[in-house]
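Encoded as structure tokens, the structure appears first; notes follow it.
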Amino acid sequence: MHRNTLLWSDLKRVPPSFPRLLRALAGLMALGALTAGPASAAQPTQADKQAEQLAATVCASCHGTDGRSSVASFPDLAAQRPDYLEAQIKAFRDQSRADPDAQAYMWGMAAQVNDAVAHALAEHYAAQHAAAGVRGDPRLLAQGRQIYQRGVPALGVPPCSACHGDQAQGMGAMPRLAGQHAPYIVKQILVIQRVLREAPVMHGVIRDLTRPQIEAVATYLQSIGPGA
């Protein structure tokens, strides 16, 4: 498979339940749950309450209770880096993250989320326990570990660990990848290669990775559990 070829079968279609989720979100908006102004010093927990309600009533439908998704096409959010999560929520809201899945799922969901709630949502999910790692094909695991830790010198690909940490725990605004669903990682790397998702640093880093190499790295990352 050519590195710039993205099959639409790699991208999930909008699920039948999506209109119901948008109606639920609209209901919260009607109650003022998402339209209140930024949290103030006098009400430091208001945004937290709004975020918890949103996470429990809307986000859980795709991302699972406490951010641990049971569907491989939807990412785990539990234990994700809060800076990264907050930036992504705002990118969905501002429509600056414009890959097909962002448009299909997240633009509508994030449209009315203000800065305070975006921050509180990110902190909420960052505080959850990470999902357990899932081991896959030992051959792919070994190959993926090699690429993650040492890169692919022949292609000028640096080690993934340089930005994402020795145990893929993430660093600062660089996301946690440990324990993430392998199919989701593969899909995101493909859309970044195809420049369907704006990620300037990653464009240069992963542009020459082949599909088998991508799948190997994703298999390795999915295997990394909490405290690895």
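Residue numbering restarts at 1 for every chain of the structure tokens, chains are lettered A, B, ... in their displayed order, and ligands are numbered from 1 as they appear.
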Hey, what's within 12 Å of Ala102 in chain A if we count only C-alpha atoms and toss same-chain stuff fewer than 3 positions away? As a list in words, please?
-> Leu11, Lys12, Arg13, Val14, Phe74, Gln88, Ile89, Lys90, Ala91, Phe92, Arg93, Asp94, Gln95, Ser96, Arg97, Ala98, Asp99, Tyr105, Met106, Trp107, Gly108, Met109, Ala110, Ala111, Gln188, Val191, Leu196, Arg197 and Glu198 of chain A
If you count only C-alpha atoms, which residues fall within 7 Å of Ala51 in chain A, apart from same-chain ones fewer than 5 positions away, as a PyMOL selection string?
-> chain A and resi 117+120-121
Near-range 145-156 of chain A list (8 Å; only C-alpha atoms; drop same-chain fewer than 3 positions) as a ChimeraX atom specification = /A:141-142,159-161,166,208-209,213,217,220
Please provide the set of residues having any atom within 10 Å of Arg135 in chain A, restricted to only C-alpha atoms, with same-chain residues fewer than 3 positions apart removed, written as number ranges by chain.
-> A: 132, 138, 141, 179, 219-225
Straight-line distance linking CA of Cys62 in chain A with CA of Leu77 in chain A, stated in Å to one decimal | 10.5 Å
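Note that DSSP on the backbone gives strand (DSSP E or B) to these residues of range 54-203 of chain A: Val152, Val157, Met171 and Met174 of chain A.
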Could you pull out the residues in range 36-227 of chain A that DSSP calls helix (DSSP H, G or I) from the backbone, as a PyMOL selection string?
-> chain A and resi 46-63+65-67+82-94+100-110+115-126+138-150+153-155+161-164+182-193+200-206+211-223
Store the residues picked out above, limited to C-alpha atoms, as a short mmCIF file (atom, residue, chain, number, x, y, z; two decimals), in the first residue's frame.
```cif
data_model
loop_
_atom_site.label_atom_id
_atom_site.label_comp_id
_atom_site.auth_asym_id
_atom_site.auth_seq_id
_atom_site.Cartn_x
_atom_site.Cartn_y
_atom_site.Cartn_z
CA GLN A 46 -18.87 24.71 38.09
CA ALA A 47 -16.94 23.74 34.95
CA ASP A 48 -15.90 20.48 36.62
CA LYS A 49 -19.55 19.58 37.23
CA GLN A 50 -20.45 20.45 33.65
CA ALA A 51 -17.56 18.36 32.32
CA GLU A 52 -18.50 15.36 34.44
CA GLN A 53 -22.09 15.56 33.25
CA LEU A 54 -21.00 15.80 29.64
CA ALA A 55 -18.56 12.91 30.03
CA ALA A 56 -21.22 10.69 31.61
CA THR A 57 -24.13 11.50 29.32
CA VAL A 58 -22.57 12.10 25.90
CA CYS A 59 -18.86 11.27 25.66
CA ALA A 60 -19.30 7.83 27.24
CA SER A 61 -21.43 6.71 24.30
CA CYS A 62 -18.30 6.51 22.12
CA HIS A 63 -15.35 6.70 24.51
CA THR A 65 -17.19 4.94 30.96
CA ASP A 66 -14.24 6.81 32.45
CA GLY A 67 -12.72 7.18 28.98
CA PRO A 82 -4.49 16.99 29.70
CA ASP A 83 -2.68 19.58 27.58
CA TYR A 84 -3.15 17.40 24.52
CA LEU A 85 -6.81 16.67 25.23
CA GLU A 86 -7.65 20.31 25.81
CA ALA A 87 -5.93 21.33 22.59
CA GLN A 88 -7.83 18.68 20.61
CA ILE A 89 -11.22 19.66 22.06
CA LYS A 90 -10.57 23.27 21.06
CA ALA A 91 -9.39 22.17 17.61
CA PHE A 92 -12.64 20.25 17.11
CA ARG A 93 -14.64 23.24 18.30
CA ASP A 94 -12.75 25.65 16.04
CA PRO A 100 -13.00 12.97 8.24
CA ASP A 101 -13.67 11.52 11.69
CA ALA A 102 -13.31 14.94 13.33
CA GLN A 103 -15.92 16.35 10.98
CA ALA A 104 -18.26 13.37 11.33
CA TYR A 105 -18.13 12.94 15.10
CA MET A 106 -16.56 15.82 16.94
CA TRP A 107 -17.34 19.15 15.26
CA GLY A 108 -20.95 19.05 16.37
CA MET A 109 -20.13 17.66 19.81
CA ALA A 110 -17.51 20.30 20.61
CA ASP A 115 -12.72 27.02 27.33
CA ALA A 116 -13.48 26.28 30.98
CA VAL A 117 -15.37 23.08 30.19
CA ALA A 118 -12.73 22.01 27.67
CA HIS A 119 -10.08 22.38 30.38
CA ALA A 120 -12.22 20.53 32.93
CA LEU A 121 -12.96 17.68 30.50
CA ALA A 122 -9.26 17.27 29.81
CA GLU A 123 -8.47 17.17 33.53
CA HIS A 124 -11.33 14.73 34.14
CA TYR A 125 -10.06 12.19 31.62
CA ALA A 126 -6.41 12.67 32.55
CA PRO A 138 4.90 -11.29 19.03
CA ARG A 139 6.64 -10.63 15.71
CA LEU A 140 4.84 -7.33 15.24
CA LEU A 141 5.44 -6.41 18.87
CA ALA A 142 9.19 -6.89 18.47
CA GLN A 143 9.29 -4.91 15.23
CA GLY A 144 7.11 -2.15 16.66
CA ARG A 145 9.24 -1.88 19.80
CA GLN A 146 12.35 -1.51 17.65
CA ILE A 147 10.81 1.30 15.61
CA TYR A 148 9.37 3.04 18.66
CA GLN A 149 12.62 2.96 20.61
CA ARG A 150 15.19 3.36 17.81
CA PRO A 153 17.52 5.26 10.47
CA ALA A 154 17.44 4.17 6.83
CA LEU A 155 14.31 6.29 6.30
CA SER A 161 10.04 7.80 22.28
CA ALA A 162 11.81 11.11 21.76
CA CYS A 163 8.44 12.91 21.87
CA HIS A 164 6.06 10.40 23.41
CA ALA A 182 -4.06 -0.29 17.47
CA PRO A 183 -6.68 0.29 14.72
CA TYR A 184 -7.17 3.87 15.94
CA ILE A 185 -3.41 4.55 15.89
CA VAL A 186 -3.11 3.11 12.38
CA LYS A 187 -6.01 5.24 11.18
CA GLN A 188 -4.59 8.45 12.65
CA ILE A 189 -1.14 7.88 11.20
CA LEU A 190 -2.72 7.31 7.79
CA VAL A 191 -4.78 10.50 7.91
CA ILE A 192 -1.70 12.46 9.01
CA GLN A 193 0.33 10.97 6.16
CA PRO A 200 3.20 19.62 11.22
CA VAL A 201 5.74 17.79 13.40
CA MET A 202 4.28 14.37 12.68
CA HIS A 203 4.01 14.95 8.93
CA GLY A 204 7.78 14.98 8.61
CA VAL A 205 8.40 12.20 11.12
CA ILE A 206 6.05 9.54 9.77
CA ARG A 211 1.71 0.35 6.30
CA PRO A 212 3.36 -2.79 7.81
CA GLN A 213 5.66 -0.59 9.91
CA ILE A 214 2.71 1.49 11.07
CA GLU A 215 0.80 -1.64 12.08
CA ALA A 216 3.82 -2.97 13.96
CA VAL A 217 4.22 0.24 15.97
CA ALA A 218 0.48 0.32 16.71
CA THR A 219 0.56 -3.31 17.89
CA TYR A 220 3.42 -2.50 20.24
CA LEU A 221 1.75 0.63 21.62
CA GLN A 222 -1.51 -1.22 22.28
CA SER A 223 0.43 -3.75 24.37
#
```
Got a sec: who's within 7 Å of Gln169 in chain A, counting only C-alpha atoms, leaving out chain neighbours fewer than 6 positions off, as a PyMOL selection string?
-> chain A and resi 176-178
